[in-house]
file run06.cif (mmCIF, C-alpha atoms)
data_final
#
loop_
_atom_site.label_atom_id
_atom_site.label_comp_id
_atom_site.auth_asym_id
_atom_site.auth_seq_id
_atom_site.Cartn_x
_atom_site.Cartn_y
_atom_site.Cartn_z
CA MET Y 1 36.22 6.74 24.46
CA GLN Y 2 33.15 8.13 22.80
CA SER Y 3 31.07 9.88 25.41
CA VAL Y 4 27.34 9.76 24.89
CA SER Y 5 24.64 11.43 26.93
CA ASP Y 6 21.37 9.62 27.43
CA GLY Y 7 18.35 11.49 28.70
CA ALA Y 8 16.87 8.26 30.05
CA LEU Y 9 19.92 7.69 32.23
CA GLN Y 10 19.61 9.97 35.24
CA ARG Y 11 22.71 11.19 37.07
CA THR Y 12 20.93 11.70 40.38
CA VAL Y 13 18.80 9.55 42.64
CA ARG Y 14 16.01 11.18 44.64
CA GLN Y 15 16.36 10.59 48.36
CA PRO Y 16 13.55 10.66 50.92
CA ALA Y 17 12.90 14.03 52.55
CA GLY Y 18 15.44 14.83 55.23
CA SER Y 19 17.90 12.18 54.09
CA GLY Y 20 20.61 14.68 53.11
CA ALA Y 21 22.38 15.34 49.82
CA LYS Y 22 21.37 13.75 46.57
CA ILE Y 23 23.22 10.62 45.51
CA ARG Y 24 24.63 10.85 42.00
CA PHE Y 25 25.53 8.07 39.62
CA ALA Y 26 29.22 8.35 38.75
CA GLY Y 27 29.98 4.75 37.84
CA ILE Y 28 29.93 5.06 34.05
CA ASP Y 29 32.19 8.11 34.21
CA ILE Y 30 34.59 6.16 36.43
CA VAL Y 31 34.54 3.20 34.02
CA LYS Y 32 35.48 5.43 31.08
CA ILE Y 33 38.27 7.19 32.96
CA THR Y 34 39.58 3.82 34.14
CA ALA Y 35 39.46 2.49 30.58
CA LEU Y 36 41.52 5.43 29.30
CA PHE Y 37 44.11 4.83 32.03
CA LEU Y 38 44.28 1.16 30.99
CA VAL Y 39 44.72 2.19 27.33
CA VAL Y 40 47.73 4.30 28.30
CA THR Y 41 49.06 1.41 30.39
CA VAL Y 42 48.75 -1.26 27.72
CA HIS Y 43 50.57 0.94 25.21
CA ALA Y 44 53.58 0.89 27.54
CA PHE Y 45 54.10 -2.79 26.75
CA LEU Y 46 54.13 -2.06 23.03
CA ASN Y 47 56.34 1.01 23.19
CA THR Y 48 59.04 -0.45 25.43
CA GLY Y 49 59.66 -3.60 23.35
CA PHE Y 50 58.15 -5.93 25.96
CA TYR Y 51 56.64 -8.33 23.43
CA GLY Y 52 60.01 -9.09 21.86
CA THR Y 53 61.86 -9.58 25.15
CA PRO Y 54 62.52 -13.05 26.61
CA ILE Y 55 60.31 -13.70 29.64
CA SER Y 56 61.56 -15.59 32.67
CA PHE Y 57 61.05 -15.76 36.42
CA THR Y 58 63.35 -12.74 36.84
CA PHE Y 59 61.54 -10.51 34.32
CA GLY Y 60 58.07 -10.84 32.89
CA ALA Y 61 56.32 -13.07 35.39
CA VAL Y 62 54.89 -10.05 37.25
CA GLN Y 63 54.57 -7.77 34.22
CA ILE Y 64 52.31 -10.32 32.52
CA TYR Y 65 49.62 -9.73 35.16
CA PHE Y 66 49.65 -5.97 34.62
CA ARG Y 67 49.52 -6.47 30.90
CA TRP Y 68 46.34 -8.51 31.17
CA VAL Y 69 44.81 -6.05 33.65
CA SER Y 70 45.31 -3.24 31.14
CA PHE Y 71 44.05 -5.31 28.20
CA CYS Y 72 40.43 -4.79 29.29
CA CYS Y 73 40.67 -1.16 28.14
CA VAL Y 74 38.92 -1.24 24.76
CA PRO Y 75 36.28 -3.85 25.74
CA LEU Y 76 35.32 -1.59 28.65
CA PHE Y 77 34.64 1.28 26.24
CA MET Y 78 32.61 -1.04 24.01
CA THR Y 79 30.54 -2.22 26.97
CA VAL Y 80 29.92 1.40 28.01
CA THR Y 81 28.66 2.14 24.50
CA GLY Y 82 26.10 -0.65 24.79
CA TYR Y 83 25.04 0.50 28.23
CA LEU Y 84 24.50 4.10 27.16
CA MET Y 85 23.11 3.66 23.67
CA SER Y 86 20.88 0.61 23.93
CA ARG Y 87 17.74 2.78 23.88
CA LYS Y 88 18.64 4.75 20.76
CA THR Y 89 16.24 4.56 17.82
CA LEU Y 90 16.49 5.34 14.12
CA SER Y 91 16.03 9.09 13.60
CA ARG Y 92 17.62 12.17 12.05
CA LYS Y 93 18.64 13.33 15.53
CA TYR Y 94 20.44 10.06 16.13
CA TYR Y 95 22.59 10.39 13.01
CA ALA Y 96 23.42 14.00 13.93
CA GLY Y 97 25.10 12.59 17.03
CA VAL Y 98 28.07 11.40 14.99
CA VAL Y 99 29.16 14.97 14.18
CA ARG Y 100 31.03 15.34 17.46
CA VAL Y 101 33.06 12.20 16.86
CA LEU Y 102 34.01 13.21 13.34
CA VAL Y 103 34.97 16.78 14.23
CA ILE Y 104 37.18 15.74 17.14
CA TYR Y 105 38.71 12.98 15.03
CA VAL Y 106 39.62 15.45 12.27
CA ILE Y 107 41.05 17.95 14.78
CA VAL Y 108 43.26 15.35 16.49
CA SER Y 109 44.31 13.89 13.13
CA LEU Y 110 45.55 17.31 11.98
CA ILE Y 111 47.42 17.75 15.27
CA CYS Y 112 49.04 14.33 14.84
CA VAL Y 113 50.05 15.13 11.25
CA LEU Y 114 51.72 18.38 12.34
CA PHE Y 115 53.40 16.56 15.24
CA ASN Y 116 54.76 13.83 12.96
CA ILE Y 117 56.15 16.42 10.55
CA LYS Y 118 57.79 18.45 13.31
CA TYR Y 119 58.88 15.73 15.77
CA ASN Y 120 59.21 12.51 13.78
CA GLY Y 121 60.34 14.03 10.47
CA TYR Y 122 57.49 12.53 8.44
CA THR Y 123 56.72 13.89 4.98
CA TYR Y 124 53.11 14.40 3.94
CA THR Y 125 51.58 15.52 0.69
CA VAL Y 126 48.10 17.04 0.76
CA TRP Y 127 46.75 13.90 -0.90
CA TYR Y 128 48.46 11.62 1.61
CA ALA Y 129 47.14 13.63 4.56
CA ILE Y 130 43.58 13.57 3.17
CA ARG Y 131 43.93 9.86 2.43
CA GLY Y 132 44.99 9.30 6.03
CA LEU Y 133 41.70 10.73 7.27
CA PHE Y 134 39.70 8.21 5.27
CA MET Y 135 42.11 5.33 5.97
CA PHE Y 136 42.24 6.20 9.69
CA THR Y 137 46.03 6.52 9.72
CA ASP Y 138 46.65 10.23 10.34
CA ALA Y 139 45.91 9.72 14.04
CA GLN Y 140 47.77 6.52 14.80
CA TYR Y 141 45.26 5.28 17.39
CA SER Y 142 42.21 6.04 15.26
CA TRP Y 143 41.34 2.43 14.43
CA TYR Y 144 38.85 2.86 17.25
CA VAL Y 145 37.10 5.61 15.29
CA GLU Y 146 36.65 3.29 12.32
CA TYR Y 147 35.18 0.66 14.62
CA TYR Y 148 32.88 3.19 16.29
CA LEU Y 149 31.54 4.57 13.02
CA CYS Y 150 30.63 1.07 11.88
CA MET Y 151 28.95 0.36 15.23
CA PHE Y 152 27.17 3.72 15.11
CA LEU Y 153 25.49 2.74 11.85
CA LEU Y 154 24.45 -0.62 13.27
CA ILE Y 155 23.24 0.48 16.69
CA PRO Y 156 19.59 1.36 15.85
CA PHE Y 157 19.14 -2.01 14.16
CA LEU Y 158 20.97 -3.92 16.91
CA ASN Y 159 18.70 -2.23 19.43
CA GLN Y 160 15.61 -3.17 17.46
CA ALA Y 161 16.72 -6.80 17.28
CA TYR Y 162 17.69 -6.88 20.96
CA HIS Y 163 14.50 -5.28 22.23
CA GLY Y 164 12.54 -7.50 19.85
CA MET Y 165 13.36 -10.23 22.36
CA LYS Y 166 10.37 -9.50 24.60
CA THR Y 167 11.41 -11.52 27.63
CA ARG Y 168 14.53 -11.58 29.76
CA ARG Y 169 14.94 -15.25 28.91
CA ASN Y 170 15.04 -14.56 25.16
CA LYS Y 171 17.45 -11.65 25.62
CA ARG Y 172 19.70 -13.90 27.69
CA TYR Y 173 19.70 -16.56 24.97
CA MET Y 174 20.49 -13.96 22.33
CA LEU Y 175 23.38 -12.66 24.43
CA MET Y 176 24.72 -16.15 25.10
CA THR Y 177 24.65 -17.02 21.39
CA VAL Y 178 26.39 -13.81 20.36
CA CYS Y 179 29.04 -14.20 23.06
CA LEU Y 180 29.68 -17.80 22.02
CA LEU Y 181 30.17 -16.90 18.36
CA PHE Y 182 31.93 -13.55 18.79
CA LEU Y 183 33.90 -13.94 22.04
CA PHE Y 184 34.36 -17.48 23.28
CA ALA Y 185 34.65 -19.63 20.15
CA GLN Y 186 38.28 -18.94 19.39
CA SER Y 187 39.45 -19.62 22.96
CA PHE Y 188 38.32 -23.22 23.31
CA PHE Y 189 40.76 -25.78 21.96
CA ILE Y 190 41.75 -29.27 23.02
CA GLY Y 191 45.53 -29.37 23.24
CA THR Y 192 48.12 -26.60 23.20
CA ASN Y 193 50.11 -27.58 20.11
CA PRO Y 194 48.90 -25.45 17.15
CA ASP Y 195 49.71 -28.28 14.73
CA SER Y 196 47.63 -30.94 16.48
CA GLN Y 197 45.01 -29.18 18.65
CA ILE Y 198 41.28 -29.46 18.01
CA LYS Y 199 38.96 -26.45 17.68
CA ILE Y 200 35.75 -27.09 19.63
CA PHE Y 201 33.52 -24.36 18.19
CA PRO Y 202 33.41 -22.69 14.75
CA SER Y 203 35.11 -19.30 15.13
CA TYR Y 204 34.47 -17.57 11.82
CA PHE Y 205 32.71 -14.58 13.42
CA THR Y 206 35.29 -13.59 16.04
CA ARG Y 207 35.90 -10.17 14.40
CA GLY Y 208 32.39 -9.29 15.50
CA TYR Y 209 33.40 -9.06 19.17
CA PRO Y 210 32.34 -5.35 19.42
CA ILE Y 211 28.73 -6.48 18.92
CA ALA Y 212 29.06 -8.92 21.83
CA TYR Y 213 30.44 -6.27 24.19
CA TYR Y 214 27.73 -3.86 23.04
CA LEU Y 215 24.98 -6.35 23.87
CA ILE Y 216 26.60 -7.14 27.22
CA GLY Y 217 26.31 -3.44 28.09
CA ALA Y 218 22.71 -3.36 26.86
CA TYR Y 219 21.80 -6.40 28.97
CA ILE Y 220 23.37 -4.92 32.10
CA ARG Y 221 21.42 -1.71 31.46
CA ASP Y 222 18.18 -3.68 31.38
CA PHE Y 223 18.95 -6.11 34.20
CA PRO Y 224 21.53 -4.61 36.56
CA PRO Y 225 22.57 -6.88 39.43
CA LYS Y 226 21.74 -5.81 42.96
CA ARG Y 227 24.30 -3.63 44.71
CA THR Y 228 25.18 -6.01 47.53
CA PRO Y 229 28.55 -6.83 49.13
CA ARG Y 230 28.05 -10.47 48.17
CA ASN Y 231 27.62 -9.63 44.49
CA LYS Y 232 30.62 -7.28 44.52
CA LEU Y 233 32.74 -10.01 46.09
CA LYS Y 234 31.54 -12.45 43.44
CA PHE Y 235 32.52 -10.07 40.64
CA LEU Y 236 35.93 -9.47 42.23
CA VAL Y 237 36.62 -13.20 42.62
CA THR Y 238 35.59 -13.85 39.01
CA TYR Y 239 37.88 -11.07 37.82
CA LEU Y 240 40.85 -12.38 39.83
CA LEU Y 241 40.34 -16.00 38.77
CA ALA Y 242 40.25 -15.04 35.08
CA LEU Y 243 43.30 -12.80 35.55
CA VAL Y 244 45.33 -15.50 37.31
CA TRP Y 245 44.34 -18.17 34.80
CA VAL Y 246 45.21 -16.17 31.67
CA SER Y 247 48.45 -14.89 33.24
CA LEU Y 248 49.63 -18.36 34.23
CA VAL Y 249 48.75 -19.79 30.81
CA THR Y 250 50.64 -16.94 29.14
CA PHE Y 251 53.70 -17.46 31.35
CA TYR Y 252 53.65 -21.19 30.59
CA GLN Y 253 53.36 -20.53 26.86
CA CYS Y 254 56.25 -18.05 26.97
CA LEU Y 255 58.55 -20.50 28.75
CA LYS Y 256 57.47 -23.21 26.33
CA ASN Y 257 58.18 -20.97 23.32
CA THR Y 258 61.91 -21.80 23.19
CA ASP Y 259 62.00 -21.55 19.38
CA ASN Y 260 61.47 -17.81 19.75
CA ASN Y 261 63.58 -17.20 22.87
CA CYS Y 262 60.64 -17.40 25.28
CA VAL Y 263 59.09 -14.14 24.08
CA TRP Y 264 55.42 -13.22 24.46
CA ARG Y 265 52.98 -15.91 23.48
CA SER Y 266 49.51 -16.23 24.94
CA TRP Y 267 47.94 -19.09 23.03
CA HIS Y 268 44.40 -18.11 21.87
CA ASN Y 269 43.79 -15.45 24.52
CA ASP Y 270 45.72 -12.51 23.10
CA ASP Y 271 42.68 -10.85 21.61
CA TYR Y 272 39.71 -8.85 22.83
CA ALA Y 273 37.66 -11.80 21.56
CA SER Y 274 38.63 -14.32 24.23
CA TRP Y 275 36.76 -15.59 27.23
CA PRO Y 276 39.29 -14.54 29.92
CA VAL Y 277 39.32 -10.96 28.62
CA ALA Y 278 35.52 -10.96 28.39
CA LEU Y 279 35.11 -12.24 31.96
CA MET Y 280 37.60 -9.70 33.30
CA THR Y 281 35.91 -6.88 31.37
CA VAL Y 282 32.39 -7.72 32.53
CA SER Y 283 33.51 -8.25 36.13
CA LEU Y 284 35.38 -4.95 36.25
CA PHE Y 285 32.44 -3.14 34.64
CA LEU Y 286 30.05 -4.61 37.21
CA LEU Y 287 32.35 -3.57 40.03
CA LEU Y 288 32.39 0.06 38.90
CA PHE Y 289 29.32 0.96 36.83
CA ASP Y 290 26.88 1.60 39.70
CA ILE Y 291 29.16 3.62 41.98
CA ARG Y 292 27.29 6.56 43.49
CA ILE Y 293 28.63 9.66 45.19
CA ARG Y 294 27.12 12.49 47.19
CA SER Y 295 29.46 15.30 46.15
CA GLY Y 296 28.06 17.41 43.34
CA LEU Y 297 31.52 18.85 42.66
CA CYS Y 298 33.12 15.40 42.31
CA SER Y 299 30.28 14.31 40.07
CA ALA Y 300 30.77 17.32 37.80
CA ILE Y 301 34.54 16.80 37.62
CA LEU Y 302 34.15 13.12 36.78
CA ALA Y 303 31.58 13.95 34.08
CA LYS Y 304 33.99 16.44 32.49
CA LEU Y 305 36.90 14.00 32.58
CA SER Y 306 34.71 11.23 31.20
CA ASN Y 307 33.59 13.42 28.33
CA ALA Y 308 37.23 14.08 27.41
CA THR Y 309 38.30 10.42 27.17
CA PHE Y 310 37.66 10.12 23.43
CA ALA Y 311 39.91 13.04 22.49
CA GLY Y 312 42.34 12.03 25.24
CA TYR Y 313 42.70 8.55 23.81
CA LEU Y 314 43.44 9.81 20.29
CA ILE Y 315 45.92 12.47 21.42
CA SER Y 316 47.79 10.07 23.75
CA TYR Y 317 49.81 8.93 20.72
CA ILE Y 318 51.77 12.18 20.84
CA PHE Y 319 52.78 11.79 24.48
CA ASP Y 320 53.62 8.12 23.93
CA CYS Y 321 56.01 9.17 21.17
CA ILE Y 322 57.70 11.84 23.27
CA TYR Y 323 58.18 9.90 26.48
CA TYR Y 324 58.95 6.43 25.14
CA LYS Y 325 61.38 7.72 22.54
CA LYS Y 326 63.39 9.35 25.33
CA LEU Y 327 63.03 6.32 27.61
CA ASN Y 328 64.23 3.88 24.93
CA ASN Y 329 67.20 6.11 24.14
CA ASP Y 330 68.18 6.46 27.79
CA TYR Y 331 67.87 2.75 28.67
CA GLN Y 332 68.88 -0.07 26.34
CA THR Y 333 67.19 -3.03 28.05
CA VAL Y 334 63.48 -3.58 28.59
CA PRO Y 335 63.84 -4.47 32.32
CA GLU Y 336 65.58 -1.14 32.88
CA ARG Y 337 62.85 0.70 31.00
CA PHE Y 338 60.11 -0.91 33.06
CA LEU Y 339 61.52 0.59 36.24
CA HIS Y 340 60.42 3.97 34.86
CA VAL Y 341 57.17 2.89 33.16
CA PRO Y 342 54.79 3.64 36.09
CA LEU Y 343 55.80 7.31 36.19
CA ILE Y 344 55.58 7.62 32.40
CA VAL Y 345 52.11 6.06 32.38
CA LEU Y 346 50.94 8.63 34.93
CA LYS Y 347 52.45 11.50 32.91
CA VAL Y 348 50.98 10.32 29.61
CA PHE Y 349 47.57 9.79 31.20
CA ALA Y 350 47.55 13.21 32.86
CA LEU Y 351 48.65 15.04 29.70
CA SER Y 352 46.22 13.05 27.54
CA ILE Y 353 43.21 13.74 29.73
CA PHE Y 354 44.18 17.44 30.04
CA SER Y 355 44.56 17.73 26.25
CA GLY Y 356 41.26 15.92 25.85
CA LEU Y 357 39.61 18.48 28.13
CA VAL Y 358 40.98 21.33 26.02
CA ILE Y 359 39.89 19.78 22.71
CA GLN Y 360 36.47 18.74 24.02
CA GLY Y 361 36.01 22.14 25.70
CA GLY Y 362 36.82 23.92 22.45
CA TYR Y 363 34.32 21.78 20.58
CA ASP Y 364 31.60 22.33 23.22
CA LEU Y 365 32.16 26.11 23.21
CA THR Y 366 31.99 26.28 19.41
CA ALA Y 367 28.90 24.07 19.31
CA ARG Y 368 27.13 26.28 21.89
CA ARG Y 369 27.90 29.42 19.90
CA ILE Y 370 26.64 27.86 16.69
CA ARG Y 371 23.41 26.80 18.41
CA ALA Y 372 23.00 30.27 19.94
CA ALA Y 373 23.52 31.92 16.53
CA ARG Y 374 20.94 29.63 14.94
CA GLU Y 375 18.47 30.31 17.72
CA LYS Y 376 18.99 34.06 17.36
CA LYS Y 377 18.47 33.80 13.62
CA ARG Y 378 15.21 31.87 14.13
CA ARG Y 379 13.94 34.56 16.53
CA ILE Y 380 14.83 37.39 14.13
CA GLN Y 381 13.25 35.85 11.03
CA PRO Y 382 9.61 35.92 12.27
CA LYS Y 383 10.01 39.60 13.22
CA ASN Y 384 11.34 40.46 9.76
CA GLN Y 385 8.48 38.55 8.14
CA ALA Y 386 5.98 40.41 10.29
#
call {"tool": "encode", "arguments": {"input": "run06.cif", "output": "structure tokens"}}
result
Amino acid sequence: MQSVSDGALQRTVRQPAGSGAKIRFAGIDIVKITALFLVVTVHAFLNTGFYGTPISFTFGAVQIYFRWVSFCCVPLFMTVTGYLMSRKTLSRKYYAGVVRVLVIYVIVSLICVLFNIKYNGYTYTVWYAIRGLFMFTDAQYSWYVEYYLCMFLLIPFLNQAYHGMKTRRNKRYMLMTVCLLFLFAQSFFIGTNPDSQIKIFPSYFTRGYPIAYYLIGAYIRDFPPKRTPRNKLKFLVTYLLALVWVSLVTFYQCLKNTDNNCVWRSWHNDDYASWPVALMTVSLFLLLFDIRIRSGLCSAILAKLSNATFAGYLISYIFDCIYYKKLNNDYQTVPERFLHVPLIVLKVFALSIFSGLVIQGGYDLTARRIRAAREKKRRIQPKNQA
């Protein structure tokens, strides 16, 4: 969700003389907008009671696929962060870059507190509200902010370690090792019975999966694959194979889970740190990240929408509350609710991205005025001294 500008990453490609309009990179913006849409989609499964509903051939077999499609949401954002920030170095200017995240986080947290008091009937004391800012609970989706702040502190040192690998071969080995420890280790077991299965790799470090996705983005930035139809087809096939595999395994596990009425159960895959999710994330990223367009207007619109995804993600909690509360009151069964989920997802996404534009626009306007005031003050001071 965090949108970062990188001066080394150009938005336009120079064309030979007489070749027409400039071609602009829009892929990263499209990835971020797609990721926000997937965030809104995956929350539908949580808010409708899907995970506690028995799954069978009549309900759930199809929904499982859409659930896994949407589950790539957060890993996509993490991969984008690595792609955009892999050239950042330790400096005062770098640390100043976190101000935007903190300000928007505080603004949305206050909005969520007021919403919960007015709409959900929550009671807050001043201490509890302040505590919620530091515990990342005032804005209910702000766990991502806590993750990002930790990553933000690590990024200059991760970059130094990554770029310390002087050859592509060494960088590839570093990436493979990190992915094995942080992404793949917990997915590889012999047997499906939790009481008797064998773990193949040590999986102590699986909570470090954000580092793996970050380095994946950094590696793609350094060594992007060629934009050929054959490569795009390869990425699409990889994505579909991983999607079908994890969906079929999940469906089998649900039917097998008779002790709990065949409700959601996905073995060791139901985590961002799993190899099917990683393969789907990387494949989808590679399908989208290098999209180029000729329209300057479309490029500008996509850049604005992309820049609003962070605030849009945080504020989406409010629209989830409003729409799913009404949906769950109007329809008592989950299959009935899911008939209306596509329209609700579109509404929540549209309202979230619009609200994100307003919040981000307000921040940008205020930041520009502050910079202008400082610049004016610097120009006046030398004259006064003279």
call {"tool": "resolve_selection", "arguments": {"input": "run06.cif", "expression": "the PyMOL selection byres ((chain Y and resi 56) around 10)", "output": "list in words"}}
result
Thr53, Pro54, Ile55, Phe57, Thr58, Phe59, Gly60, Ala61, Val62, Phe251, Tyr252, Cys254, Leu255, Cys262 and Val263 of chain Y
call {"tool": "residues_around", "arguments": {"input": "run06.cif", "residues": "Pro335 (chain Y)", "least_positions_apart": "2", "cutoff": "9 Å", "atoms": "only C-alpha atoms", "output": "VMD selection string"}}
result
chain Y and resid 50 59 to 60 332 to 333 337 to 339
call {"tool": "closest_atom_pairs", "arguments": {"input": "run06.cif", "of": "region 222-340 of chain Y", "to": "region 78-93 of chain Y", "cutoff": "9 Å", "atoms": "only C-alpha atoms", "output": "CSV"}}
result
residue,atom,partner,partner_atom,distance
Y:Asp222,CA,Y:Tyr83,CA,8.6
Y:Thr281,CA,Y:Thr79,CA,8.4
Y:Val282,CA,Y:Thr79,CA,8.0
Y:Phe285,CA,Y:Thr79,CA,8.0
Y:Phe289,CA,Y:Val80,CA,8.9
call {"tool": "write_last_selection", "arguments": {"input": "run06.cif", "atoms": "C-alpha atoms", "output": "short mmCIF file (atom, residue, chain, number, x, y, z; two decimals), in the frame of the given file"}}
result
data_model
loop_
_atom_site.label_atom_id
_atom_site.label_comp_id
_atom_site.auth_asym_id
_atom_site.auth_seq_id
_atom_site.Cartn_x
_atom_site.Cartn_y
_atom_site.Cartn_z
CA ASP Y 222 18.18 -3.68 31.38
CA THR Y 281 35.91 -6.88 31.37
CA VAL Y 282 32.39 -7.72 32.53
CA PHE Y 285 32.44 -3.14 34.64
CA PHE Y 289 29.32 0.96 36.83
#
call {"tool": "residues_near_point", "arguments": {"input": "run06.cif", "point": "(52.7, 6.6, 17.8)", "cutoff": "10 Å", "atoms": "only C-alpha atoms", "output": "JSON, numbers by chain"}}
result
{"Y": [43, 47, 112, 116, 120, 139, 140, 141, 315, 316, 317, 318, 319, 320, 321, 322, 324, 325]}
call {"tool": "closest_residue", "arguments": {"input": "run06.cif", "among": "Y:Gly164, Y:Pro202, Y:Gly97, Y:Gly217", "to": "Leu181 (chain Y)", "atoms": "all atoms listed in the file"}}
result
Y:Pro202
call {"tool": "closest_residue", "arguments": {"input": "run06.cif", "among": "Y:Ile198, Y:Val249, Y:Leu287, Y:Ala300", "to": "Arg227 (chain Y)", "atoms": "only C-alpha atoms"}}
result
Y:Leu287
call {"tool": "closest_residue", "arguments": {"input": "run06.cif", "among": "Y:Trp275, Y:Trp264, Y:Tyr105, Y:Tyr148", "to": "Gln186 (chain Y)", "atoms": "all atoms listed in the file"}}
result
Y:Trp275
call {"tool": "resolve_selection", "arguments": {"input": "run06.cif", "expression": "the PyMOL selection byres ((chain Y and resi 293) around 7)", "output": "VMD selection string"}}
result
chain Y and resid 23 to 26 291 to 292 294 to 295
call {"tool": "closest_residue", "arguments": {"input": "run06.cif", "among": "Y:Val69, Y:Thr125, Y:Arg378, Y:Met135", "to": "Leu240 (chain Y)", "atoms": "all atoms listed in the file"}}
result
Y:Val69
call {"tool": "closest_residue", "arguments": {"input": "run06.cif", "among": "Y:Ile30, Y:Leu233, Y:Val103, Y:Leu153", "to": "Gln360 (chain Y)", "atoms": "all atoms listed in the file"}}
result
Y:Val103
call {"tool": "atom_distance", "arguments": {"input": "run06.cif", "atom1": "CA of Tyr94 (chain Y)", "atom2": "CA of Tyr209 (chain Y)"}}
result
23.3 Å
call {"tool": "atom_distance", "arguments": {"input": "run06.cif", "atom1": "CA of Glu146 (chain Y)", "atom2": "CA of Ile104 (chain Y)"}}
result
13.4 Å
call {"tool": "decode", "arguments": {"input": "run06.cif", "residues": "region 221-238 of chain Y", "atoms": "N, CA and C atoms", "output": "CSV table (one decimal), in the first residue's frame"}}
result
chain,number,residue,atom,x,y,z
Y,221,ARG,N,13.9,-6.2,-10.1
Y,221,ARG,CA,14.4,-4.8,-10.5
Y,221,ARG,C,15.7,-4.9,-11.2
Y,222,ASP,N,16.6,-5.7,-10.6
Y,222,ASP,CA,18.0,-5.8,-11.2
Y,222,ASP,C,18.0,-6.7,-12.5
Y,223,PHE,N,17.2,-7.7,-12.5
Y,223,PHE,CA,17.2,-8.7,-13.6
Y,223,PHE,C,15.8,-9.0,-14.2
Y,224,PRO,N,15.2,-8.0,-14.7
Y,224,PRO,CA,13.8,-8.2,-15.3
Y,224,PRO,C,13.8,-9.1,-16.5
Y,225,PRO,N,12.9,-10.0,-16.5
Y,225,PRO,CA,12.8,-10.9,-17.7
Y,225,PRO,C,12.4,-10.2,-18.9
Y,226,LYS,N,12.7,-10.7,-20.1
Y,226,LYS,CA,12.4,-10.1,-21.3
Y,226,LYS,C,10.9,-10.1,-21.5
Y,227,ARG,N,10.4,-9.0,-22.1
Y,227,ARG,CA,9.0,-8.8,-22.4
Y,227,ARG,C,8.6,-9.6,-23.7
Y,228,THR,N,8.5,-10.9,-23.6
Y,228,THR,CA,8.1,-11.6,-24.8
Y,228,THR,C,6.8,-12.4,-24.5
Y,229,PRO,N,6.1,-12.7,-25.6
Y,229,PRO,CA,4.8,-13.5,-25.4
Y,229,PRO,C,5.1,-14.9,-24.8
Y,230,ARG,N,6.3,-15.4,-25.1
Y,230,ARG,CA,6.6,-16.8,-24.5
Y,230,ARG,C,6.8,-16.7,-23.0
Y,231,ASN,N,7.5,-15.6,-22.6
Y,231,ASN,CA,7.7,-15.5,-21.1
Y,231,ASN,C,6.3,-15.2,-20.4
Y,232,LYS,N,5.5,-14.3,-21.0
Y,232,LYS,CA,4.2,-14.0,-20.4
Y,232,LYS,C,3.4,-15.3,-20.3
Y,233,LEU,N,3.4,-16.1,-21.3
Y,233,LEU,CA,2.6,-17.4,-21.3
Y,233,LEU,C,3.2,-18.3,-20.2
Y,234,LYS,N,4.5,-18.3,-20.0
Y,234,LYS,CA,5.1,-19.1,-19.0
Y,234,LYS,C,4.7,-18.6,-17.6
Y,235,PHE,N,4.6,-17.3,-17.4
Y,235,PHE,CA,4.2,-16.8,-16.1
Y,235,PHE,C,2.7,-17.1,-15.8
Y,236,LEU,N,1.9,-17.0,-16.9
Y,236,LEU,CA,0.5,-17.3,-16.7
Y,236,LEU,C,0.3,-18.8,-16.4
Y,237,VAL,N,1.0,-19.7,-17.0
Y,237,VAL,CA,0.8,-21.1,-16.8
Y,237,VAL,C,1.3,-21.4,-15.4
Y,238,THR,N,2.4,-20.8,-14.9
Y,238,THR,CA,2.9,-21.1,-13.6
Y,238,THR,C,1.8,-20.6,-12.5
